[in-house]
Amino acid sequence: MSNIMPQPKTDPIIPFPLNVETVRRDFPILDIHVGEKPLIYLDNAASTQKPQVVIDAIQRYYMLQNANIHRGVHYLSQKATDAYEEARRKTARFINAESEDEVVFVRGTTEAINLVATSWGSRYILEGDEIIISHLEHHANIVPWQMLCERVGAHLKVIPINDDGDLDLDAYEELLSDQTRIVAIGHVSNAIGTVNPIKTMIKTAHSRGIPVLIDGAQSAPHFPIDVQDLDCDFFIASAHKFYGPTGIGFLYGKAHQLDAMPPYQGGGDMIQTVTLEKSTYKKAPGRFEAGTPNIAGAIAMGAAIDYLEHIGRANIVTYEQELITYAKERLQKVEGLSLIGEPAEQAGAVSFALDSVHPHDIGTILDKKGIAVRAGHHCAQPLMKRLGVPATARASFAFYNTKEEIDSLSVALEKIRDLFV
Amino acid sequence: MSDLTDLYQEIILDHNKRPRNFGKIDQPTHFAEGHNPLCGDELSIFLDVQNDKIDDVSFDGQGCAISKASASLMTERLKGKTVEEAREVISEVRKLLIGPEESEPDLETLGDIAALEGVKKFAVRVKCATLAWHALEAALEGKSTTSTE
């Protein structure tokens, strides 16, 4: 493993390696059939499946804890508030934040980036300023910045990639200028699995006093994250991509960053006092959580974090790296198949083309065989254009996937090629 | 697998492999781009209409087997037809692909296009089949772009 891959630090290495047959039993949905075929779920970069403990946490909340938080003095309100704030502490521990006050609950990665672009952006970005993203980004880390640029007359600068799908780091250094106000980059590409050397990139930006936002939607599911070690200013992720429910995620921001940011949305629970003339706001993170939040979601995200720690983050890294290495080797044996992007470090996803067969046709036929993959542009149209393809087929992995499933995918692809070519 | 065999009939696979009337027409009288934002597929339709008759029609772009075959079948069917006849074909195609269960499209009007019937069982793929037809309608109405969404 090279030094680009984050080394597990916070977890003790569990002496028992991951047993895939055992962990599969934790996920009830893996037993379903699609038609008559057993489900082979290889669309984990879009959303992961949920272990029973996460499903139970949601049920337990509504059966035994449900009430609004931070309001009532009654028993249930106190219980719900405690569980919600406990989830914040778990999330802080999950990424090794210095304090749970640096963790804001949001709907997901998209909302988190919009929050930073809107709130942080309104404070710091002026006409003529520059924002740096990369050519690998998901639309969620492009469009909010474009909207900000349009609002204030700032400019979006894009770190180019090479043909393997790795960022051009020399170009990155050249892009950093006296006008650069923030660098916003993905940790891992959702479309082709590139793991970016973010620690070095953060250091480079910081040496010029430029803050960095990391879109961790595709890294939090796969590696331990240590925001203090990375020294990033913002780190964000969506729970549903790391085995938690949809509609909940988190924004980590360094305390001094969050404290300097104006509120994002106004409403109940984010205020200190309200008069009809003027309101004052809570400190972070409360300032950014207007209205009744997704309480059950936050608590269940906490359950997902507990589950990942129980499996062992280091075990997950080891098992998944073995899986993706096997997938690349096996898929390349399929005649006519070419991998899209061959980054130096890869995690989570493998994108491929199969001769002239369109990814949608691949997706439809695989579906009939019970195999779920993503076919399309992966919400990364600029990247697709750069790679010269309208779309790709993508298999993306979780620690409950097996080598046998990769074999089934490969055999199915061989048959598809026979049909179309 | 019978649904799949219905979807990918020989005739569809053939039009996908060897699309008819593929490429641009020089100086078309009508032109439109169709875009499916869901998958990023793009097709352009070119028409040369003289005295209300489609003298030439072609398509260009990239798409899946269904959208390519649909466009290819369309061009084959429309060449030499009047604009009014083309509208009749459009109306039958609508019945075939998005009409209610009980609608009975006129198979004679449709010709080989009827091979697209299997798409109906694949809800997410219907837009692939209708893309070229949306573009055709837009071109005939003098609009230059259209979208399936």
# chains A, B, ... in the order shown; residues from 1 in each chain; ligands from 1
>>> residues_around(residues="Tyr84 in chain A", least_positions_apart="3", cutoff="12 Å", atoms="only C-alpha atoms", output="mmCIF file with N, CA and C atoms, in the first residue's frame")
data_model
loop_
_atom_site.group_PDB
_atom_site.id
_atom_site.type_symbol
_atom_site.label_atom_id
_atom_site.label_comp_id
_atom_site.auth_asym_id
_atom_site.auth_seq_id
_atom_site.Cartn_x
_atom_site.Cartn_y
_atom_site.Cartn_z
ATOM 1 N N ALA A 57 -32.162 0.622 14.631
ATOM 2 C CA ALA A 57 -32.013 1.915 15.303
ATOM 3 C C ALA A 57 -33.156 2.846 14.912
ATOM 4 N N TYR A 61 -35.997 4.071 17.520
ATOM 5 C CA TYR A 61 -36.241 5.501 17.744
ATOM 6 C C TYR A 61 -37.741 5.804 17.706
ATOM 7 N N GLN A 65 -38.337 6.417 21.424
ATOM 8 C CA GLN A 65 -37.643 7.672 21.728
ATOM 9 C C GLN A 65 -38.240 8.904 21.058
ATOM 10 N N ASN A 66 -39.208 8.734 20.181
ATOM 11 C CA ASN A 66 -39.604 9.832 19.299
ATOM 12 C C ASN A 66 -40.204 11.049 19.998
ATOM 13 N N ALA A 67 -39.605 12.191 19.779
ATOM 14 C CA ALA A 67 -40.142 13.494 20.193
ATOM 15 C C ALA A 67 -39.252 14.541 19.528
ATOM 16 N N ASN A 68 -39.666 15.800 19.585
ATOM 17 C CA ASN A 68 -38.794 16.817 19.012
ATOM 18 C C ASN A 68 -37.648 17.114 19.987
ATOM 19 N N ILE A 69 -36.529 17.547 19.411
ATOM 20 C CA ILE A 69 -35.327 17.732 20.228
ATOM 21 C C ILE A 69 -35.124 19.187 20.619
ATOM 22 N N HIS A 70 -34.247 19.397 21.599
ATOM 23 C CA HIS A 70 -33.834 20.734 22.038
ATOM 24 C C HIS A 70 -35.024 21.613 22.403
ATOM 25 N N SER A 77 -38.600 14.023 24.917
ATOM 26 C CA SER A 77 -37.796 15.042 24.255
ATOM 27 C C SER A 77 -36.346 14.954 24.731
ATOM 28 N N GLN A 78 -36.181 14.718 26.018
ATOM 29 C CA GLN A 78 -34.838 14.594 26.575
ATOM 30 C C GLN A 78 -34.127 13.374 25.991
ATOM 31 N N LYS A 79 -34.878 12.289 25.878
ATOM 32 C CA LYS A 79 -34.301 11.045 25.348
ATOM 33 C C LYS A 79 -33.874 11.215 23.886
ATOM 34 N N ALA A 80 -34.753 11.839 23.103
ATOM 35 C CA ALA A 80 -34.445 12.056 21.689
ATOM 36 C C ALA A 80 -33.235 12.987 21.554
ATOM 37 N N THR A 81 -33.214 14.045 22.370
ATOM 38 C CA THR A 81 -32.098 14.996 22.316
ATOM 39 C C THR A 81 -30.785 14.292 22.660
ATOM 40 N N ALA A 87 -25.213 10.871 18.701
ATOM 41 C CA ALA A 87 -24.849 10.594 17.304
ATOM 42 C C ALA A 87 -23.819 11.616 16.816
ATOM 43 N N ARG A 88 -23.925 12.849 17.305
ATOM 44 C CA ARG A 88 -22.953 13.863 16.906
ATOM 45 C C ARG A 88 -21.567 13.511 17.462
ATOM 46 N N ARG A 89 -21.545 13.028 18.694
ATOM 47 C CA ARG A 89 -20.245 12.628 19.274
ATOM 48 C C ARG A 89 -19.648 11.453 18.511
ATOM 49 N N LYS A 90 -20.520 10.505 18.138
ATOM 50 C CA LYS A 90 -20.026 9.344 17.357
ATOM 51 C C LYS A 90 -19.450 9.803 16.016
ATOM 52 N N THR A 91 -20.149 10.754 15.387
ATOM 53 C CA THR A 91 -19.682 11.243 14.090
ATOM 54 C C THR A 91 -18.332 11.943 14.244
ATOM 55 N N GLU A 100 -17.166 17.765 19.029
ATOM 56 C CA GLU A 100 -18.424 17.483 18.319
ATOM 57 C C GLU A 100 -19.099 18.764 17.834
ATOM 58 N N VAL A 104 -21.799 19.342 11.833
ATOM 59 C CA VAL A 104 -23.143 19.831 11.525
ATOM 60 C C VAL A 104 -23.880 18.704 10.813
ATOM 61 N N PHE A 105 -25.090 18.395 11.273
ATOM 62 C CA PHE A 105 -25.887 17.402 10.552
ATOM 63 C C PHE A 105 -26.586 18.080 9.369
ATOM 64 N N THR A 292 -36.797 21.245 12.532
ATOM 65 C CA THR A 292 -36.646 19.896 13.100
ATOM 66 C C THR A 292 -35.809 19.060 12.147
ATOM 67 N N PRO A 293 -34.688 18.550 12.613
ATOM 68 C CA PRO A 293 -33.804 17.803 11.709
ATOM 69 C C PRO A 293 -34.257 16.355 11.538
ATOM 70 N N ASN A 294 -33.470 15.613 10.792
ATOM 71 C CA ASN A 294 -33.719 14.181 10.603
ATOM 72 C C ASN A 294 -33.155 13.445 11.822
ATOM 73 N N ILE A 295 -33.929 13.438 12.890
ATOM 74 C CA ILE A 295 -33.446 12.905 14.170
ATOM 75 C C ILE A 295 -33.175 11.402 14.060
ATOM 76 N N ALA A 296 -34.155 10.674 13.540
ATOM 77 C CA ALA A 296 -33.990 9.222 13.404
ATOM 78 C C ALA A 296 -32.794 8.923 12.503
ATOM 79 N N GLY A 297 -32.643 9.734 11.458
ATOM 80 C CA GLY A 297 -31.537 9.526 10.522
ATOM 81 C C GLY A 297 -30.192 9.701 11.198
ATOM 82 N N ALA A 298 -30.071 10.777 11.995
ATOM 83 C CA ALA A 298 -28.799 11.028 12.676
ATOM 84 C C ALA A 298 -28.462 9.878 13.630
ATOM 85 N N ILE A 299 -29.471 9.425 14.358
ATOM 86 C CA ILE A 299 -29.238 8.336 15.321
ATOM 87 C C ILE A 299 -28.842 7.054 14.579
ATOM 88 N N ALA A 300 -29.515 6.803 13.449
ATOM 89 C CA ALA A 300 -29.191 5.595 12.679
ATOM 90 C C ALA A 300 -27.825 5.726 12.005
ATOM 91 N N MET A 301 -27.429 6.957 11.656
ATOM 92 C CA MET A 301 -26.068 7.153 11.131
ATOM 93 C C MET A 301 -25.067 6.777 12.224
ATOM 94 N N GLY A 302 -25.386 7.149 13.455
ATOM 95 C CA GLY A 302 -24.538 6.762 14.583
ATOM 96 C C GLY A 302 -24.431 5.242 14.702
ATOM 97 N N ALA A 303 -25.557 4.559 14.454
ATOM 98 C CA ALA A 303 -25.554 3.093 14.514
ATOM 99 C C ALA A 303 -24.677 2.516 13.403
#
>>> interface_residues(of="chain A", to="chain B", cutoff="7 Å", atoms="only C-alpha atoms", output="JSON, numbers by chain")
{"A": [358, 360, 361, 376, 377, 390, 420]}
>>> closest_residue(among="B:Glu76, B:Glu117, B:Glu101, B:Glu92", to="His15 in chain B", atoms="only C-alpha atoms")
B:Glu76
>>> select_by_dssp(residues="range 225-354 of chain A", states="strand (DSSP E or B)", output="number ranges by chain")
A: 234-238, 249-253, 271-274, 279-281, 337-340, 346, 349-354
>>> residues_around(residues="Val83 in chain B", least_positions_apart="4", cutoff="7 Å", atoms="only C-alpha atoms", output="list of chain:residue names")
B:Asp52, B:Lys53, B:Ile54, B:Arg87
>>> select_by_dssp(residues="range 26-126 of chain B", states="helix (DSSP H, G or I)", output="PDB file with N, CA, C and O atoms, in the first residue's frame")
ATOM      1  N   ALA B  65     -28.411   0.855 -27.761  1.00  0.00           N
ATOM      2  CA  ALA B  65     -28.955   0.069 -28.871  1.00  0.00           C
ATOM      3  C   ALA B  65     -30.400   0.458 -29.159  1.00  0.00           C
ATOM      4  O   ALA B  65     -30.811   0.541 -30.321  1.00  0.00           O
ATOM      5  N   ILE B  66     -31.160   0.720 -28.110  1.00  0.00           N
ATOM      6  CA  ILE B  66     -32.582   1.025 -28.292  1.00  0.00           C
ATOM      7  C   ILE B  66     -32.759   2.384 -28.976  1.00  0.00           C
ATOM      8  O   ILE B  66     -33.534   2.523 -29.923  1.00  0.00           O
ATOM      9  N   SER B  67     -32.023   3.392 -28.501  1.00  0.00           N
ATOM     10  CA  SER B  67     -32.231   4.719 -29.097  1.00  0.00           C
ATOM     11  C   SER B  67     -31.677   4.765 -30.513  1.00  0.00           C
ATOM     12  O   SER B  67     -32.259   5.393 -31.396  1.00  0.00           O
ATOM     13  N   LYS B  68     -30.567   4.069 -30.748  1.00  0.00           N
ATOM     14  CA  LYS B  68     -29.997   4.056 -32.099  1.00  0.00           C
ATOM     15  C   LYS B  68     -30.906   3.307 -33.069  1.00  0.00           C
ATOM     16  O   LYS B  68     -31.179   3.780 -34.178  1.00  0.00           O
ATOM     17  N   ALA B  69     -31.377   2.133 -32.633  1.00  0.00           N
ATOM     18  CA  ALA B  69     -32.242   1.333 -33.507  1.00  0.00           C
ATOM     19  C   ALA B  69     -33.537   2.080 -33.791  1.00  0.00           C
ATOM     20  O   ALA B  69     -34.040   2.072 -34.919  1.00  0.00           O
ATOM     21  N   SER B  70     -34.059   2.757 -32.771  1.00  0.00           N
ATOM     22  CA  SER B  70     -35.305   3.493 -32.944  1.00  0.00           C
ATOM     23  C   SER B  70     -35.125   4.596 -33.995  1.00  0.00           C
ATOM     24  O   SER B  70     -35.966   4.775 -34.888  1.00  0.00           O
ATOM     25  N   ALA B  71     -34.003   5.318 -33.903  1.00  0.00           N
ATOM     26  CA  ALA B  71     -33.729   6.393 -34.861  1.00  0.00           C
ATOM     27  C   ALA B  71     -33.525   5.824 -36.264  1.00  0.00           C
ATOM     28  O   ALA B  71     -34.035   6.358 -37.256  1.00  0.00           O
ATOM     29  N   SER B  72     -32.789   4.724 -36.321  1.00  0.00           N
ATOM     30  CA  SER B  72     -32.501   4.113 -37.617  1.00  0.00           C
ATOM     31  C   SER B  72     -33.785   3.621 -38.287  1.00  0.00           C
ATOM     32  O   SER B  72     -34.040   3.873 -39.469  1.00  0.00           O
ATOM     33  N   LEU B  73     -34.624   2.940 -37.502  1.00  0.00           N
ATOM     34  CA  LEU B  73     -35.909   2.454 -38.027  1.00  0.00           C
ATOM     35  C   LEU B  73     -36.775   3.627 -38.483  1.00  0.00           C
ATOM     36  O   LEU B  73     -37.470   3.559 -39.501  1.00  0.00           O
ATOM     37  N   MET B  74     -36.708   4.708 -37.731  1.00  0.00           N
ATOM     38  CA  MET B  74     -37.502   5.890 -38.054  1.00  0.00           C
ATOM     39  C   MET B  74     -37.109   6.455 -39.420  1.00  0.00           C
ATOM     40  O   MET B  74     -37.967   6.721 -40.271  1.00  0.00           O
ATOM     41  N   THR B  75     -35.796   6.625 -39.619  1.00  0.00           N
ATOM     42  CA  THR B  75     -35.349   7.223 -40.883  1.00  0.00           C
ATOM     43  C   THR B  75     -35.737   6.332 -42.059  1.00  0.00           C
ATOM     44  O   THR B  75     -36.168   6.809 -43.110  1.00  0.00           O
ATOM     45  N   GLU B  76     -35.623   5.030 -41.859  1.00  0.00           N
ATOM     46  CA  GLU B  76     -35.954   4.095 -42.930  1.00  0.00           C
ATOM     47  C   GLU B  76     -37.431   4.217 -43.308  1.00  0.00           C
ATOM     48  O   GLU B  76     -37.811   4.169 -44.470  1.00  0.00           O
ATOM     49  N   ARG B  77     -38.257   4.388 -42.263  1.00  0.00           N
ATOM     50  CA  ARG B  77     -39.703   4.425 -42.481  1.00  0.00           C
ATOM     51  C   ARG B  77     -40.169   5.740 -43.112  1.00  0.00           C
ATOM     52  O   ARG B  77     -41.140   5.776 -43.852  1.00  0.00           O
ATOM     53  N   LEU B  78     -39.461   6.834 -42.773  1.00  0.00           N
ATOM     54  CA  LEU B  78     -39.987   8.155 -43.162  1.00  0.00           C
ATOM     55  C   LEU B  78     -39.511   8.646 -44.528  1.00  0.00           C
ATOM     56  O   LEU B  78     -40.114   9.537 -45.106  1.00  0.00           O
ATOM     57  N   VAL B  83     -45.112  14.885 -44.991  1.00  0.00           N
ATOM     58  CA  VAL B  83     -45.063  15.300 -43.584  1.00  0.00           C
ATOM     59  C   VAL B  83     -46.299  14.787 -42.848  1.00  0.00           C
ATOM     60  O   VAL B  83     -46.227  14.351 -41.698  1.00  0.00           O
ATOM     61  N   GLU B  84     -47.435  14.798 -43.553  1.00  0.00           N
ATOM     62  CA  GLU B  84     -48.660  14.317 -42.912  1.00  0.00           C
ATOM     63  C   GLU B  84     -48.552  12.827 -42.593  1.00  0.00           C
ATOM     64  O   GLU B  84     -48.945  12.375 -41.512  1.00  0.00           O
ATOM     65  N   GLU B  85     -48.011  12.068 -43.536  1.00  0.00           N
ATOM     66  CA  GLU B  85     -47.830  10.626 -43.287  1.00  0.00           C
ATOM     67  C   GLU B  85     -46.869  10.416 -42.117  1.00  0.00           C
ATOM     68  O   GLU B  85     -47.064   9.507 -41.298  1.00  0.00           O
ATOM     69  N   ALA B  86     -45.851  11.262 -42.052  1.00  0.00           N
ATOM     70  CA  ALA B  86     -44.890  11.152 -40.950  1.00  0.00           C
ATOM     71  C   ALA B  86     -45.593  11.371 -39.613  1.00  0.00           C
ATOM     72  O   ALA B  86     -45.335  10.665 -38.635  1.00  0.00           O
ATOM     73  N   ARG B  87     -46.512  12.333 -39.572  1.00  0.00           N
ATOM     74  CA  ARG B  87     -47.247  12.592 -38.336  1.00  0.00           C
ATOM     75  C   ARG B  87     -48.116  11.401 -37.939  1.00  0.00           C
ATOM     76  O   ARG B  87     -48.302  11.112 -36.759  1.00  0.00           O
ATOM     77  N   GLU B  88     -48.652  10.717 -38.935  1.00  0.00           N
ATOM     78  CA  GLU B  88     -49.428   9.494 -38.636  1.00  0.00           C
ATOM     79  C   GLU B  88     -48.531   8.442 -38.004  1.00  0.00           C
ATOM     80  O   GLU B  88     -48.911   7.764 -37.046  1.00  0.00           O
ATOM     81  N   VAL B  89     -47.317   8.307 -38.556  1.00  0.00           N
ATOM     82  CA  VAL B  89     -46.377   7.323 -37.982  1.00  0.00           C
ATOM     83  C   VAL B  89     -46.061   7.717 -36.533  1.00  0.00           C
ATOM     84  O   VAL B  89     -46.072   6.871 -35.630  1.00  0.00           O
ATOM     85  N   ILE B  90     -45.792   9.011 -36.306  1.00  0.00           N
ATOM     86  CA  ILE B  90     -45.494   9.478 -34.950  1.00  0.00           C
ATOM     87  C   ILE B  90     -46.626   9.102 -33.995  1.00  0.00           C
ATOM     88  O   ILE B  90     -46.391   8.601 -32.891  1.00  0.00           O
ATOM     89  N   SER B  91     -47.830   9.304 -34.445  1.00  0.00           N
ATOM     90  CA  SER B  91     -48.980   9.020 -33.586  1.00  0.00           C
ATOM     91  C   SER B  91     -49.083   7.526 -33.254  1.00  0.00           C
ATOM     92  O   SER B  91     -49.401   7.139 -32.127  1.00  0.00           O
ATOM     93  N   GLU B  92     -48.766   6.673 -34.222  1.00  0.00           N
ATOM     94  CA  GLU B  92     -48.797   5.227 -33.969  1.00  0.00           C
ATOM     95  C   GLU B  92     -47.641   4.807 -33.043  1.00  0.00           C
ATOM     96  O   GLU B  92     -47.793   3.925 -32.208  1.00  0.00           O
ATOM     97  N   VAL B  93     -46.485   5.455 -33.235  1.00  0.00           N
ATOM     98  CA  VAL B  93     -45.334   5.142 -32.380  1.00  0.00           C
ATOM     99  C   VAL B  93     -45.661   5.508 -30.926  1.00  0.00           C
ATOM    100  O   VAL B  93     -45.322   4.790 -29.989  1.00  0.00           O
ATOM    101  N   ARG B  94     -46.373   6.624 -30.776  1.00  0.00           N
ATOM    102  CA  ARG B  94     -46.761   7.041 -29.426  1.00  0.00           C
ATOM    103  C   ARG B  94     -47.621   5.954 -28.777  1.00  0.00           C
ATOM    104  O   ARG B  94     -47.425   5.589 -27.622  1.00  0.00           O
ATOM    105  N   LYS B  95     -48.580   5.435 -29.561  1.00  0.00           N
ATOM    106  CA  LYS B  95     -49.434   4.356 -29.041  1.00  0.00           C
ATOM    107  C   LYS B  95     -48.587   3.134 -28.677  1.00  0.00           C
ATOM    108  O   LYS B  95     -48.786   2.496 -27.650  1.00  0.00           O
ATOM    109  N   LEU B  96     -47.620   2.835 -29.551  1.00  0.00           N
ATOM    110  CA  LEU B  96     -46.798   1.637 -29.364  1.00  0.00           C
ATOM    111  C   LEU B  96     -45.955   1.730 -28.086  1.00  0.00           C
ATOM    112  O   LEU B  96     -45.826   0.766 -27.344  1.00  0.00           O
ATOM    113  N   LEU B  97     -45.359   2.922 -27.839  1.00  0.00           N
ATOM    114  CA  LEU B  97     -44.370   3.040 -26.762  1.00  0.00           C
ATOM    115  C   LEU B  97     -44.924   3.588 -25.458  1.00  0.00           C
ATOM    116  O   LEU B  97     -44.497   3.171 -24.382  1.00  0.00           O
ATOM    117  N   ILE B  98     -45.846   4.551 -25.564  1.00  0.00           N
ATOM    118  CA  ILE B  98     -46.310   5.164 -24.315  1.00  0.00           C
ATOM    119  C   ILE B  98     -47.828   5.161 -24.162  1.00  0.00           C
ATOM    120  O   ILE B  98     -48.350   5.706 -23.199  1.00  0.00           O
ATOM    121  N   LEU B 107     -50.180  -1.689 -37.031  1.00  0.00           N
ATOM    122  CA  LEU B 107     -48.900  -2.339 -37.340  1.00  0.00           C
ATOM    123  C   LEU B 107     -48.454  -2.060 -38.773  1.00  0.00           C
ATOM    124  O   LEU B 107     -47.262  -2.007 -39.061  1.00  0.00           O
ATOM    125  N   GLU B 108     -49.433  -1.858 -39.656  1.00  0.00           N
ATOM    126  CA  GLU B 108     -49.083  -1.597 -41.053  1.00  0.00           C
ATOM    127  C   GLU B 108     -48.365  -0.252 -41.190  1.00  0.00           C
ATOM    128  O   GLU B 108     -47.363  -0.137 -41.887  1.00  0.00           O
ATOM    129  N   THR B 109     -48.899   0.759 -40.472  1.00  0.00           N
ATOM    130  CA  THR B 109     -48.254   2.079 -40.494  1.00  0.00           C
ATOM    131  C   THR B 109     -46.851   1.992 -39.914  1.00  0.00           C
ATOM    132  O   THR B 109     -45.923   2.653 -40.374  1.00  0.00           O
ATOM    133  N   LEU B 110     -46.691   1.171 -38.881  1.00  0.00           N
ATOM    134  CA  LEU B 110     -45.418   1.104 -38.176  1.00  0.00           C
ATOM    135  C   LEU B 110     -44.335   0.321 -38.915  1.00  0.00           C
ATOM    136  O   LEU B 110     -43.163   0.656 -38.856  1.00  0.00           O
ATOM    137  N   GLY B 111     -44.739  -0.730 -39.625  1.00  0.00           N
ATOM    138  CA  GLY B 111     -43.748  -1.573 -40.300  1.00  0.00           C
ATOM    139  C   GLY B 111     -42.767  -2.167 -39.293  1.00  0.00           C
ATOM    140  O   GLY B 111     -43.165  -2.583 -38.200  1.00  0.00           O
ATOM    141  N   ASP B 112     -41.471  -2.129 -39.617  1.00  0.00           N
ATOM    142  CA  ASP B 112     -40.443  -2.718 -38.752  1.00  0.00           C
ATOM    143  C   ASP B 112     -40.370  -2.057 -37.373  1.00  0.00           C
ATOM    144  O   ASP B 112     -39.868  -2.644 -36.418  1.00  0.00           O
ATOM    145  N   ILE B 113     -40.859  -0.812 -37.305  1.00  0.00           N
ATOM    146  CA  ILE B 113     -40.793  -0.081 -36.034  1.00  0.00           C
ATOM    147  C   ILE B 113     -41.493  -0.856 -34.917  1.00  0.00           C
ATOM    148  O   ILE B 113     -41.161  -0.723 -33.741  1.00  0.00           O
ATOM    149  N   ALA B 114     -42.467  -1.687 -35.307  1.00  0.00           N
ATOM    150  CA  ALA B 114     -43.212  -2.473 -34.319  1.00  0.00           C
ATOM    151  C   ALA B 114     -42.287  -3.332 -33.460  1.00  0.00           C
ATOM    152  O   ALA B 114     -42.646  -3.738 -32.347  1.00  0.00           O
ATOM    153  N   ALA B 115     -41.075  -3.592 -33.952  1.00  0.00           N
ATOM    154  CA  ALA B 115     -40.116  -4.387 -33.176  1.00  0.00           C
ATOM    155  C   ALA B 115     -39.745  -3.725 -31.849  1.00  0.00           C
ATOM    156  O   ALA B 115     -39.208  -4.360 -30.947  1.00  0.00           O
ATOM    157  N   LEU B 116     -40.040  -2.431 -31.719  1.00  0.00           N
ATOM    158  CA  LEU B 116     -39.719  -1.709 -30.478  1.00  0.00           C
ATOM    159  C   LEU B 116     -40.727  -1.983 -29.361  1.00  0.00           C
ATOM    160  O   LEU B 116     -40.568  -1.493 -28.240  1.00  0.00           O
ATOM    161  N   GLU B 117     -41.754  -2.769 -29.668  1.00  0.00           N
ATOM    162  CA  GLU B 117     -42.825  -2.979 -28.697  1.00  0.00           C
ATOM    163  C   GLU B 117     -42.322  -3.473 -27.336  1.00  0.00           C
ATOM    164  O   GLU B 117     -42.826  -3.075 -26.283  1.00  0.00           O
ATOM    165  N   GLY B 118     -41.289  -4.343 -27.378  1.00  0.00           N
ATOM    166  CA  GLY B 118     -40.773  -4.938 -26.135  1.00  0.00           C
ATOM    167  C   GLY B 118     -40.265  -3.911 -25.132  1.00  0.00           C
ATOM    168  O   GLY B 118     -40.145  -4.200 -23.932  1.00  0.00           O
ATOM    169  N   VAL B 119     -39.956  -2.718 -25.602  1.00  0.00           N
ATOM    170  CA  VAL B 119     -39.420  -1.670 -24.715  1.00  0.00           C
ATOM    171  C   VAL B 119     -40.421  -1.311 -23.623  1.00  0.00           C
ATOM    172  O   VAL B 119     -40.043  -0.920 -22.526  1.00  0.00           O
ATOM    173  N   LYS B 120     -41.701  -1.456 -23.977  1.00  0.00           N
ATOM    174  CA  LYS B 120     -42.753  -1.060 -23.033  1.00  0.00           C
ATOM    175  C   LYS B 120     -42.608  -1.747 -21.668  1.00  0.00           C
ATOM    176  O   LYS B 120     -42.985  -1.188 -20.643  1.00  0.00           O
ATOM    177  N   LYS B 121     -42.062  -2.954 -21.668  1.00  0.00           N
ATOM    178  CA  LYS B 121     -41.909  -3.681 -20.397  1.00  0.00           C
ATOM    179  C   LYS B 121     -40.738  -3.165 -19.574  1.00  0.00           C
ATOM    180  O   LYS B 121     -40.528  -3.594 -18.441  1.00  0.00           O
ATOM    181  N   ALA B 123     -39.679   0.084 -18.220  1.00  0.00           N
ATOM    182  CA  ALA B 123     -40.089   1.477 -18.030  1.00  0.00           C
ATOM    183  C   ALA B 123     -38.922   2.459 -18.171  1.00  0.00           C
ATOM    184  O   ALA B 123     -39.063   3.501 -18.806  1.00  0.00           O
ATOM    185  N   VAL B 124     -37.758   2.101 -17.602  1.00  0.00           N
ATOM    186  CA  VAL B 124     -36.648   3.061 -17.629  1.00  0.00           C
ATOM    187  C   VAL B 124     -36.045   3.219 -19.023  1.00  0.00           C
ATOM    188  O   VAL B 124     -35.261   4.129 -19.249  1.00  0.00           O
ATOM    189  N   ARG B 125     -36.404   2.313 -19.948  1.00  0.00           N
ATOM    190  CA  ARG B 125     -35.805   2.398 -21.280  1.00  0.00           C
ATOM    191  C   ARG B 125     -36.734   3.037 -22.318  1.00  0.00           C
ATOM    192  O   ARG B 125     -36.332   3.224 -23.468  1.00  0.00           O
ATOM    193  N   VAL B 126     -37.969   3.326 -21.931  1.00  0.00           N
ATOM    194  CA  VAL B 126     -38.912   3.893 -22.900  1.00  0.00           C
ATOM    195  C   VAL B 126     -38.375   5.206 -23.474  1.00  0.00           C
ATOM    196  O   VAL B 126     -38.485   5.469 -24.675  1.00  0.00           O
TER     197      VAL B 126
END
>>> residues_around(residues="Ala135 in chain B", least_positions_apart="3", cutoff="10 Å", atoms="only C-alpha atoms", output="PDB file with C-alpha atoms, in the first residue's frame")
ATOM      1  CA  PHE B  31     -32.898  19.943 -37.855  1.00  0.00           C
ATOM      2  CA  ALA B  32     -33.210  19.212 -34.126  1.00  0.00           C
ATOM      3  CA  GLU B  33     -31.127  17.777 -31.313  1.00  0.00           C
ATOM      4  CA  GLY B  34     -32.727  15.441 -28.827  1.00  0.00           C
ATOM      5  CA  HIS B  35     -31.213  15.113 -25.383  1.00  0.00           C
ATOM      6  CA  GLU B  42     -27.764  12.882 -27.671  1.00  0.00           C
ATOM      7  CA  LEU B  43     -29.248  12.383 -31.112  1.00  0.00           C
ATOM      8  CA  SER B  44     -29.605  14.843 -33.961  1.00  0.00           C
ATOM      9  CA  ILE B  45     -32.218  14.483 -36.674  1.00  0.00           C
ATOM     10  CA  PHE B  46     -31.770  16.038 -40.122  1.00  0.00           C
ATOM     11  CA  PHE B  59     -29.592  10.948 -37.725  1.00  0.00           C
ATOM     12  CA  ALA B  71     -33.729   6.393 -34.861  1.00  0.00           C
ATOM     13  CA  THR B 130     -38.746   7.939 -27.794  1.00  0.00           C
ATOM     14  CA  LEU B 131     -35.672  10.207 -27.989  1.00  0.00           C
ATOM     15  CA  ALA B 132     -35.409  10.209 -31.800  1.00  0.00           C
ATOM     16  CA  ALA B 138     -39.158  19.241 -32.637  1.00  0.00           C
ATOM     17  CA  ALA B 139     -37.518  19.421 -36.072  1.00  0.00           C
ATOM     18  CA  LEU B 140     -40.879  19.414 -37.841  1.00  0.00           C
ATOM     19  CA  GLU B 141     -42.107  22.175 -35.535  1.00  0.00           C
ATOM     20  CA  LYS B 143     -37.499  23.926 -32.787  1.00  0.00           C
ATOM     21  CA  SER B 144     -33.827  23.107 -32.683  1.00  0.00           C
ATOM     22  CA  THR B 145     -33.607  21.252 -29.354  1.00  0.00           C
ATOM     23  CA  THR B 146     -35.747  19.013 -27.244  1.00  0.00           C
ATOM     24  CA  SER B 147     -35.390  16.896 -24.167  1.00  0.00           C
ATOM     25  CA  THR B 148     -37.048  13.739 -22.904  1.00  0.00           C
TER      26      THR B 148
END
